[in-house]
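K.L.:
This is the structure, below, for whatever I ask next.
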Amino acid sequence: MTETRWNGEPCSALRLTAIVADTDAFPEYWARHLVGTRRNVVRVEYAGETFYLDDEDGSGWNKVTHGGSPHWAHSSIVIDPGSVQLRGDRADPDKPCPHENFDAYVEVNRITASDTDPTVIGYAADIKVNCRDCQEPFRWTGVPAGCSPRQPMCSVDETELRAPLRPASADPDFGLGLPGYAVNYRSPKER
């Protein structure tokens, strides 16, 4: 389950679809030309209030999964309350998700010489991909499990790619002296 926040505090957020409604509150309402159309939205419940964010481009979900701070742009949207539906028609649990929308999470890490020496000796990117509609994680295919400064590897459950990086201006051997490890699978017969 993804943690969601608004103004840095926990909130409840759900990805839905809804029909856009008009409003008199804003004379220059940005979505007036979309009134009557169905859009991807995020319903946010925070501090006793419920409001909706446009999520057609993923910005609404991005906002709440990155702390809900003003740093992440969003567009508030007014919806017809009777038109709300679960996104991806997930109301039928027996129907498989078509996996049409995705979220990718990338964390770039600076690897330092030690806890006391802040000299950067390497970089790595950890990448995860989930289906946006059903939250199912995707697995990396054909990548060995472990961690290496020489090649991309994945977590034991294959859901996180761990890829070494270097700045374009760095020598080709930058970071190659770092230790790594590999996980080898053996069948019970091989033990």
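In the structure tokens, chains take letters A, B, ... by order of appearance, with residues numbered from 1 within each chain and ligands from 1 in the order shown.
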Where does DSSP see helix (DSSP H, G or I) in region 20-110 of chain A, if you list the residues as a CSV table (one decimal) with N, CA and C atoms, in the first residue's frame?
P.N.:
chain,number,residue,atom,x,y,z
A,32,ARG,N,-13.0,24.1,-17.4
A,32,ARG,CA,-14.4,24.4,-17.9
A,32,ARG,C,-14.6,23.7,-19.3
A,33,HIS,N,-13.5,23.7,-20.1
A,33,HIS,CA,-13.7,23.1,-21.5
A,33,HIS,C,-13.8,21.6,-21.4
A,34,LEU,N,-13.6,21.0,-20.2
A,34,LEU,CA,-13.7,19.5,-20.0
A,34,LEU,C,-15.0,19.1,-19.3
A,59,SER,N,-0.1,13.7,-12.4
A,59,SER,CA,0.4,14.7,-11.4
A,59,SER,C,-0.4,14.7,-10.1
A,60,GLY,N,-1.6,14.3,-10.0
A,60,GLY,CA,-2.4,14.2,-8.8
A,60,GLY,C,-1.8,13.2,-7.9
A,61,TRP,N,-1.6,12.0,-8.4
A,61,TRP,CA,-1.0,10.9,-7.6
A,61,TRP,C,0.4,11.2,-7.2
A,62,ASN,N,1.2,11.8,-8.1
A,62,ASN,CA,2.5,12.2,-7.9
A,62,ASN,C,2.6,13.2,-6.7
A,63,LYS,N,1.6,14.1,-6.6
A,63,LYS,CA,1.5,15.1,-5.5
A,63,LYS,C,1.4,14.4,-4.2
A,64,VAL,N,0.5,13.5,-4.1
A,64,VAL,CA,0.2,12.8,-2.8
A,64,VAL,C,1.2,11.8,-2.4
A,65,THR,N,1.9,11.2,-3.3
A,65,THR,CA,2.9,10.2,-3.0
A,65,THR,C,4.3,10.9,-2.8
A,81,PRO,N,-20.4,14.3,-8.2
A,81,PRO,CA,-20.2,13.3,-7.2
A,81,PRO,C,-20.9,11.9,-7.5
A,82,GLY,N,-21.9,12.0,-8.3
A,82,GLY,CA,-22.6,10.7,-8.7
A,82,GLY,C,-21.9,10.0,-9.8
A,83,SER,N,-20.8,10.5,-10.4
A,83,SER,CA,-20.1,9.9,-11.5
A,83,SER,C,-18.9,9.1,-11.1
A,87,ARG,N,-11.0,3.4,-10.7
A,87,ARG,CA,-10.2,3.4,-12.0
A,87,ARG,C,-9.9,2.0,-12.4
A,88,GLY,N,-9.9,1.8,-13.7
A,88,GLY,CA,-9.6,0.6,-14.3
A,88,GLY,C,-10.7,-0.5,-14.1
A,89,ASP,N,-11.9,0.0,-13.8
A,89,ASP,CA,-13.0,-0.9,-13.6
A,89,ASP,C,-12.7,-2.1,-12.7
K.L.:
Among region 12-149 of chain A, which residues does DSSP mark as strand (DSSP E) when it is run on the backbone? Keep the chain and numbering as in the structure and answer as an NGL selection string.
P.N.:
:A and (12-19 or 38-46 or 49-54 or 85-86 or 102-112 or 120-131 or 146-147)
K.L.:
Write out as a ChimeraX atom specification each polymer residue whose atoms come within 9 Å of Asp55 (chain A), counting only C-alpha atoms; drop sequence neighbours fewer than 2 positions from it.
P.N.:
/A:15-17,39-42,53,57-62,74-75
K.L.:
Which residues of region 142-165 of chain A sit at most 10 Å from region 175-178 of chain A, using only C-alpha atoms? Give each one's shortest atom pair and distance in Å (one decimal place), in chain and ascending residue order, as CSV.
P.N.:
residue,atom,partner,partner_atom,distance
A:Ser148,CA,A:Leu178,CA,7.9
A:Pro149,CA,A:Leu176,CA,5.3
A:Arg150,CA,A:Leu176,CA,6.1
A:Gln151,CA,A:Leu176,CA,9.8
A:Pro164,CA,A:Gly175,CA,8.1
A:Leu165,CA,A:Gly175,CA,8.3
K.L.:
Next, dump the selected residues to file, keeping only C-alpha atoms, as a PDB file, in the first residue's frame.
P.N.:
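So again36.pdb came out as:
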ATOM      1  CA  SER A 148      27.203  -4.922  -8.315  1.00  0.00           C
ATOM      2  CA  PRO A 149      29.186  -1.810  -9.283  1.00  0.00           C
ATOM      3  CA  ARG A 150      29.731  -3.352 -12.756  1.00  0.00           C
ATOM      4  CA  GLN A 151      26.228  -4.283 -13.957  1.00  0.00           C
ATOM      5  CA  PRO A 164      25.219   1.491 -11.017  1.00  0.00           C
ATOM      6  CA  LEU A 165      25.603   5.016 -12.425  1.00  0.00           C
TER       7      LEU A 165
END
K.L.:
Which is closer to Gly146 (chain A) than all the others in A:Ala163, A:Ala73, A:Ile111, A:Ala125, using only C-alpha atoms?
P.N.:
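Closest residue, counting only C-alpha atoms: A:Ala163.
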K.L.:
Expressed in Å to a single decimal, how great is the separation between CA of Cys154 (chain A) and CA of Asp117 (chain A)?
P.N.:
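Those two atoms sit 27.5 Å apart.
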K.L.:
Which residues come within 8 Å of Arg166 (chain A), counting only C-alpha atoms, excluding same-chain residues fewer than 6 positions away, as a count of residues only?
P.N.:
4
K.L.:
So that I can check the surroundings of Ile79 (chain A), please list as an mmCIF file with N, CA, C and O atoms, in the first residue's frame every protein, DNA and RNA residue that reaches within 8 Å of it, counting only C-alpha atoms and ignoring chain neighbours fewer than 2 positions away.
P.N.:
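File produced: around04.cif:
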data_model
loop_
_atom_site.group_PDB
_atom_site.id
_atom_site.type_symbol
_atom_site.label_atom_id
_atom_site.label_comp_id
_atom_site.auth_asym_id
_atom_site.auth_seq_id
_atom_site.Cartn_x
_atom_site.Cartn_y
_atom_site.Cartn_z
ATOM 1 N N ALA A 18 -13.974 10.235 -12.810
ATOM 2 C CA ALA A 18 -15.207 10.982 -12.541
ATOM 3 C C ALA A 18 -15.465 11.926 -13.705
ATOM 4 O O ALA A 18 -14.564 12.252 -14.480
ATOM 5 N N ILE A 19 -16.719 12.373 -13.797
ATOM 6 C CA ILE A 19 -17.086 13.339 -14.828
ATOM 7 C C ILE A 19 -16.865 14.745 -14.278
ATOM 8 O O ILE A 19 -17.270 15.066 -13.157
ATOM 9 N N VAL A 20 -16.215 15.562 -15.060
ATOM 10 C CA VAL A 20 -15.891 16.934 -14.663
ATOM 11 C C VAL A 20 -17.160 17.767 -14.608
ATOM 12 O O VAL A 20 -18.000 17.706 -15.505
ATOM 13 N N ALA A 21 -17.284 18.553 -13.529
ATOM 14 C CA ALA A 21 -18.426 19.452 -13.351
ATOM 15 C C ALA A 21 -17.940 20.894 -13.405
ATOM 16 O O ALA A 21 -16.762 21.177 -13.216
ATOM 17 N N ASP A 22 -18.860 21.817 -13.648
ATOM 18 C CA ASP A 22 -18.529 23.243 -13.677
ATOM 19 C C ASP A 22 -18.603 23.813 -12.258
ATOM 20 O O ASP A 22 -19.115 23.182 -11.342
ATOM 21 N N TYR A 52 -10.671 16.889 -4.887
ATOM 22 C CA TYR A 52 -10.226 16.076 -6.015
ATOM 23 C C TYR A 52 -9.113 16.786 -6.770
ATOM 24 O O TYR A 52 -9.135 18.001 -6.937
ATOM 25 N N ILE A 77 -9.804 19.887 -9.258
ATOM 26 C CA ILE A 77 -10.862 19.710 -10.238
ATOM 27 C C ILE A 77 -12.183 19.477 -9.502
ATOM 28 O O ILE A 77 -12.202 18.902 -8.419
ATOM 29 N N PRO A 81 -20.402 14.300 -8.177
ATOM 30 C CA PRO A 81 -20.244 13.259 -7.166
ATOM 31 C C PRO A 81 -20.907 11.935 -7.530
ATOM 32 O O PRO A 81 -20.456 10.874 -7.090
ATOM 33 N N SER A 83 -20.818 10.493 -10.364
ATOM 34 C CA SER A 83 -20.144 9.862 -11.500
ATOM 35 C C SER A 83 -18.873 9.114 -11.116
ATOM 36 O O SER A 83 -18.195 8.563 -11.974
#
K.L.:
Find the residue from A:Ala47, A:Gln135, A:Ser76, A:Pro118 that sits nearest to Glu100 (chain A); use only C-alpha atoms when measuring.
P.N.:
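Closest to Glu100 (chain A) of all the choices is A:Gln135.
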K.L.:
Enumerate, in order of chain and increasing residue number, the residues of region 14-121 of chain A with an atom no farther than 7 Å from region 131-134 of chain A, each with its shortest atom pair and distance in Å to one decimal, counting only C-alpha atoms, as a tab-separated table.
P.N.:
residue	atom	partner	partner_atom	distance
A:Arg87	CA	A:Asp133	CA	6.3
A:Gly88	CA	A:Asp133	CA	5.9
A:Cys97	CA	A:Cys134	CA	6.7
A:His99	CA	A:Cys131	CA	5.7
A:Asn101	CA	A:Arg132	CA	5.2
A:Phe102	CA	A:Cys131	CA	4.5
A:Asp103	CA	A:Arg132	CA	5.5
K.L.:
Quick one: pull the distance between CA of Ile127 (chain A) and CA of Pro172 (chain A), Å, one decimal.
P.N.:
22.2 Å
K.L.:
Measure the distance from CA of Gly142 (chain A) to CA of Tyr105 (chain A) in Å and round it to one decimal.
P.N.:
20.0 Å
